[in-house]
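> My structure is below; once you've seen it, I'll send some questions.
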Amino acid sequence: IPKFSQEKQDMLERVREDGLALQKASEELQADREVVLAAVKVYGEALQYASEELRADKDVVLVAVRQDWHALEYASEELQASKEMMIEAVRQCSEALEEAPDELRADRDVVLEAVRADGLALAFASEELQEDMEVVSEAVRQNGCALEYASE
């Protein structure tokens with residue numbers, strides 16, 4: 001067995017048990033899609049140790065974000081600003097809306113997804129959406145206390 005494939009097999013076994021093991025991998029393995037996918041499946045934030053190219057790979061980032069929404073912080077700027085990624089993040093934890101760029105806090109679909117998960121996420125929506133009857137209704141339906149974040 002060539003050294004690299006044995007090294008890859010060993011690393012695959014390690015990251016499947018502990019995604020953080022990607023931190024100790026060689027640059028070549030941190031750029032290996034199979035190894036990185038295995039790591040982020042068990043520890044989303046292992047994305048920070050992936051190659052720049054894989055941090056810009058939509059599928060890899062999606063797996064990481066589904067495992068832990070905080071992984072979005074390590075994605076490429078383009079993916080951090082992606083509506084699709086933010087919807088995944090707020091589905092998992094509405095607090096992700098607090099970390100979202102302003103344009104996504106003003107995105108009706110993103111905010112609706114967040115307030116359906118936790119009405120109190122309305123606090124992080126744009127002012128305009130805090131005035132939107134449907135958004136406010138969804139938020140209040142989920143948590144009556146959300147009303148305090150609705151605009152007058």
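In the structure tokens, the first chain shown is A, the next is B, and so on; residue numbers restart at 1 for each chain, and ligands run from 1 in the order shown.
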Tell me, as a ChimeraX atom specification, which residues lie within 9 Å of Ser82 in chain A, counting only C-alpha atoms; anything in the same chain fewer than 5 positions away does not count.

/A:77,87,104

> Do you have, as JSON lines, the list of residues of range 70-113 of chain A lying at most 7 Å from range 117-125 of chain A, each with its nearest atom pair and that distance in Å to one decimal, counting only C-alpha atoms and ordered by chain then number?


{"residue": "A:Arg91", "atom": "CA", "partner": "A:Ala117", "partner_atom": "CA", "distance": 6.4}
{"residue": "A:Ser94", "atom": "CA", "partner": "A:Ala121", "partner_atom": "CA", "distance": 5.9}
{"residue": "A:Glu95", "atom": "CA", "partner": "A:Ala121", "partner_atom": "CA", "distance": 6.6}
{"residue": "A:Leu97", "atom": "CA", "partner": "A:Phe124", "partner_atom": "CA", "distance": 6.2}
{"residue": "A:Glu98", "atom": "CA", "partner": "A:Phe124", "partner_atom": "CA", "distance": 5.3}
{"residue": "A:Arg105", "atom": "CA", "partner": "A:Ala125", "partner_atom": "CA", "distance": 4.9}
{"residue": "A:Ala106", "atom": "CA", "partner": "A:Ala125", "partner_atom": "CA", "distance": 6.3}
{"residue": "A:Val111", "atom": "CA", "partner": "A:Ala125", "partner_atom": "CA", "distance": 6.3}
{"residue": "A:Glu113", "atom": "CA", "partner": "A:Ala117", "partner_atom": "CA", "distance": 6.5}

> For a quick check of understanding, using only C-alpha atoms, which of A:Val40, A:Leu147, A:Leu79, A:Met85 has the smallest distance to Ala64 in chain A?

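The answer is A:Val40, which sits nearest to Ala64 in chain A.
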
> Which residues are close to Leu47 in chain A, i.e. within 8 Å by only C-alpha atoms, leaving aside same-chain residues fewer than 4 positions away? Reply as a list of chain:residue names.

A:Val36, A:Ala39, A:Val40, A:Arg55, A:Val61, A:Ala64, A:Ala71, A:Tyr74, A:Ala75

> Rounded to one decimal, what separation in Å do you get between CA of Glu17 in chain A and CA of Ser5 in chain A?

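Distance between the two atoms: 18.7 Å.
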
> Name the residues in contact with Ala46 in chain A at a cut-off of 12 Å, using only C-alpha atoms, excluding same-chain residues fewer than 5 positions from it; report them as a ChimeraX atom specification.

/A:15-16,18-25,30,35-41,51,54-55,60-61,63-65,67-75

> For the selection you just gave me, I'd like the residues written to a file as a compact mmCIF listing (two decimals), in the first residue's frame, keeping N, CA, C and O atoms.


# COMPACT_ATOMS: atom_id res chain seq x y z
N VAL A 15 -10.60 10.67 12.01
CA VAL A 15 -11.60 11.76 11.95
C VAL A 15 -13.02 11.24 12.10
O VAL A 15 -13.91 11.97 12.53
N ARG A 16 -13.25 9.98 11.78
CA ARG A 16 -14.59 9.42 11.96
C ARG A 16 -14.92 9.27 13.45
O ARG A 16 -16.08 9.29 13.83
N ASP A 18 -13.17 11.31 15.79
CA ASP A 18 -12.98 12.65 16.34
C ASP A 18 -12.64 13.60 15.19
O ASP A 18 -11.51 13.63 14.72
N GLY A 19 -13.65 14.35 14.76
CA GLY A 19 -13.46 15.26 13.63
C GLY A 19 -12.33 16.25 13.83
O GLY A 19 -11.69 16.71 12.89
N LEU A 20 -12.07 16.58 15.10
CA LEU A 20 -11.02 17.53 15.42
C LEU A 20 -9.63 17.00 15.02
O LEU A 20 -8.68 17.77 14.89
N ALA A 21 -9.52 15.71 14.80
CA ALA A 21 -8.24 15.12 14.38
C ALA A 21 -7.77 15.73 13.05
O ALA A 21 -6.59 15.68 12.73
N LEU A 22 -8.70 16.33 12.31
CA LEU A 22 -8.33 16.98 11.04
C LEU A 22 -7.27 18.05 11.27
O LEU A 22 -6.45 18.32 10.39
N GLN A 23 -7.25 18.62 12.46
CA GLN A 23 -6.27 19.66 12.82
C GLN A 23 -4.85 19.13 12.66
O GLN A 23 -3.94 19.87 12.29
N LYS A 24 -4.65 17.86 12.94
CA LYS A 24 -3.30 17.26 12.91
C LYS A 24 -2.95 16.65 11.55
O LYS A 24 -1.87 16.13 11.36
N ALA A 25 -3.91 16.71 10.62
CA ALA A 25 -3.68 16.10 9.30
C ALA A 25 -2.71 16.93 8.47
O ALA A 25 -2.57 18.14 8.68
N GLN A 30 -5.93 17.68 4.51
CA GLN A 30 -6.87 18.76 4.81
C GLN A 30 -7.53 19.27 3.53
O GLN A 30 -8.55 19.96 3.58
N VAL A 35 -11.76 12.96 3.32
CA VAL A 35 -11.30 13.09 4.71
C VAL A 35 -12.03 14.24 5.41
O VAL A 35 -12.53 14.08 6.53
N VAL A 36 -12.13 15.37 4.72
CA VAL A 36 -12.79 16.53 5.32
C VAL A 36 -14.27 16.25 5.55
O VAL A 36 -14.82 16.56 6.62
N LEU A 37 -14.94 15.64 4.60
CA LEU A 37 -16.36 15.29 4.79
C LEU A 37 -16.55 14.38 5.99
O LEU A 37 -17.47 14.58 6.79
N ALA A 38 -15.68 13.40 6.14
CA ALA A 38 -15.77 12.48 7.28
C ALA A 38 -15.60 13.26 8.59
O ALA A 38 -16.31 13.01 9.57
N ALA A 39 -14.69 14.22 8.60
CA ALA A 39 -14.43 15.01 9.81
C ALA A 39 -15.62 15.91 10.16
O ALA A 39 -16.07 15.94 11.30
N VAL A 40 -16.14 16.65 9.17
CA VAL A 40 -17.21 17.61 9.47
C VAL A 40 -18.55 16.93 9.76
O VAL A 40 -19.42 17.53 10.38
N LYS A 41 -18.68 15.68 9.36
CA LYS A 41 -19.90 14.94 9.70
C LYS A 41 -20.02 14.72 11.20
O LYS A 41 -21.11 14.69 11.74
N SER A 51 -8.92 22.82 3.75
CA SER A 51 -8.28 23.72 2.79
C SER A 51 -9.25 24.83 2.41
O SER A 51 -10.47 24.69 2.53
N LEU A 54 -11.92 23.71 0.04
CA LEU A 54 -13.03 22.93 0.60
C LEU A 54 -13.93 23.78 1.50
O LEU A 54 -15.12 23.49 1.65
N ARG A 55 -13.39 24.87 2.04
CA ARG A 55 -14.23 25.78 2.83
C ARG A 55 -15.14 26.60 1.92
O ARG A 55 -16.06 27.26 2.39
N VAL A 60 -19.60 20.42 1.13
CA VAL A 60 -18.82 20.20 2.35
C VAL A 60 -19.33 21.13 3.46
O VAL A 60 -19.56 20.69 4.59
N VAL A 61 -19.53 22.38 3.12
CA VAL A 61 -19.99 23.35 4.12
C VAL A 61 -21.40 22.99 4.61
O VAL A 61 -21.69 23.08 5.80
N VAL A 63 -22.74 20.02 4.91
CA VAL A 63 -22.61 18.92 5.87
C VAL A 63 -22.14 19.47 7.22
O VAL A 63 -22.67 19.10 8.27
N ALA A 64 -21.16 20.36 7.18
CA ALA A 64 -20.62 20.93 8.41
C ALA A 64 -21.67 21.75 9.16
O ALA A 64 -21.84 21.60 10.37
N VAL A 65 -22.40 22.58 8.43
CA VAL A 65 -23.41 23.45 9.05
C VAL A 65 -24.57 22.62 9.61
O VAL A 65 -25.11 22.95 10.67
N GLN A 67 -24.26 19.77 10.89
CA GLN A 67 -23.76 19.15 12.12
C GLN A 67 -23.67 20.19 13.23
O GLN A 67 -24.00 19.92 14.37
N ASP A 68 -23.22 21.41 12.88
CA ASP A 68 -23.08 22.48 13.87
C ASP A 68 -23.11 23.82 13.13
O ASP A 68 -22.19 24.11 12.35
N TRP A 69 -24.13 24.61 13.37
CA TRP A 69 -24.28 25.87 12.63
C TRP A 69 -23.09 26.80 12.80
O TRP A 69 -22.81 27.62 11.93
N HIS A 70 -22.35 26.67 13.89
CA HIS A 70 -21.17 27.52 14.11
C HIS A 70 -20.11 27.32 13.01
O HIS A 70 -19.26 28.18 12.81
N ALA A 71 -20.17 26.18 12.33
CA ALA A 71 -19.20 25.90 11.27
C ALA A 71 -19.27 26.94 10.16
O ALA A 71 -18.29 27.17 9.45
N LEU A 72 -20.41 27.59 10.02
CA LEU A 72 -20.57 28.60 8.97
C LEU A 72 -19.51 29.70 9.08
O LEU A 72 -19.07 30.26 8.09
N GLU A 73 -19.07 29.94 10.29
CA GLU A 73 -18.03 30.95 10.54
C GLU A 73 -16.74 30.66 9.76
O GLU A 73 -15.98 31.56 9.44
N TYR A 74 -16.50 29.39 9.45
CA TYR A 74 -15.25 28.99 8.80
C TYR A 74 -15.41 28.79 7.30
O TYR A 74 -14.44 28.48 6.61
N ALA A 75 -16.61 28.99 6.80
CA ALA A 75 -16.87 28.84 5.36
C ALA A 75 -16.32 30.07 4.62
O ALA A 75 -16.04 31.10 5.24

> Figure out the distance between CA of Ala31 in chain A and CA of Glu53 in chain A, please, to one decimal in Å.

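Atom-to-atom, CA of Glu53 in chain A and CA of Ala31 in chain A are spaced 7.4 Å apart.
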
> With only C-alpha atoms as the counted atoms, please give the residues lying no more than 12 Å from Gln6 in chain A, apart from itself and same-chain residues fewer than 6 positions off, as a short mmCIF file (atom, residue, chain, number, x, y, z; two decimals) with N, CA, C and O atoms, in the first residue's frame.


data_model
loop_
_atom_site.label_atom_id
_atom_site.label_comp_id
_atom_site.auth_asym_id
_atom_site.auth_seq_id
_atom_site.Cartn_x
_atom_site.Cartn_y
_atom_site.Cartn_z
N LEU A 12 -8.70 8.83 8.00
CA LEU A 12 -10.15 8.61 7.89
C LEU A 12 -10.69 7.95 9.16
O LEU A 12 -11.72 8.36 9.68
N GLU A 13 -9.98 6.95 9.64
CA GLU A 13 -10.41 6.27 10.88
C GLU A 13 -10.42 7.25 12.05
O GLU A 13 -11.34 7.27 12.85
N LEU A 29 -4.10 16.10 3.22
CA LEU A 29 -5.32 15.47 3.72
C LEU A 29 -6.37 16.51 4.12
O LEU A 29 -7.57 16.25 4.04
#

> From a DSSP pass on the backbone, collect the residues of chain A flagged as helix (DSSP H, G or I) and hand them back as a PyMOL selection string.

chain A and resi 3-17+19-24+27-30+33-42+44-49+52-55+58-67+69-74+77-80+83-92+96-99+102-105+108-117+119-124+127-130+133-142+144-149

> Tell me, as an NGL selection string, which residues lie within 10 Å of Ser137 in chain A, counting only C-alpha atoms; anything in the same chain fewer than 4 positions away does not count.

:A and (112 or 115-116 or 119 or 132-133 or 141-144 or 146-147 or 150)

> Pull N, CA and C atoms from the residues just selected and write them as a compact mmCIF listing (two decimals), in the first residue's frame.


# COMPACT_ATOMS: atom_id res chain seq x y z
N LEU A 112 -38.36 34.03 8.50
CA LEU A 112 -39.50 33.15 8.76
C LEU A 112 -39.02 31.79 9.28
N VAL A 115 -37.91 32.32 12.97
CA VAL A 115 -38.97 32.53 13.97
C VAL A 115 -39.88 31.32 14.11
N ARG A 116 -39.91 30.48 13.09
CA ARG A 116 -40.67 29.22 13.21
C ARG A 116 -39.98 28.29 14.20
N GLY A 119 -39.56 31.89 18.17
CA GLY A 119 -40.18 33.19 17.96
C GLY A 119 -39.33 34.36 18.42
N ASP A 132 -43.53 43.25 9.75
CA ASP A 132 -44.25 42.39 8.81
C ASP A 132 -45.24 41.50 9.57
N MET A 133 -46.51 41.63 9.24
CA MET A 133 -47.56 40.91 9.98
C MET A 133 -47.36 39.39 9.97
N ARG A 141 -46.83 33.03 17.31
CA ARG A 141 -47.42 31.69 17.38
C ARG A 141 -46.42 30.73 18.04
N GLN A 142 -45.15 30.89 17.73
CA GLN A 142 -44.13 30.01 18.29
C GLN A 142 -43.84 30.37 19.75
N ASN A 143 -43.83 31.68 20.06
CA ASN A 143 -43.53 32.13 21.42
C ASN A 143 -44.19 33.49 21.63
N GLY A 144 -45.20 33.52 22.48
CA GLY A 144 -45.94 34.75 22.73
C GLY A 144 -45.09 35.91 23.16
N ALA A 146 -42.48 36.88 21.92
CA ALA A 146 -41.86 37.51 20.75
C ALA A 146 -42.50 38.85 20.43
N LEU A 147 -43.72 39.05 20.90
CA LEU A 147 -44.44 40.28 20.62
C LEU A 147 -43.63 41.52 21.04
N ALA A 150 -41.71 43.02 18.18
CA ALA A 150 -42.42 43.53 17.01
C ALA A 150 -42.40 45.05 17.05
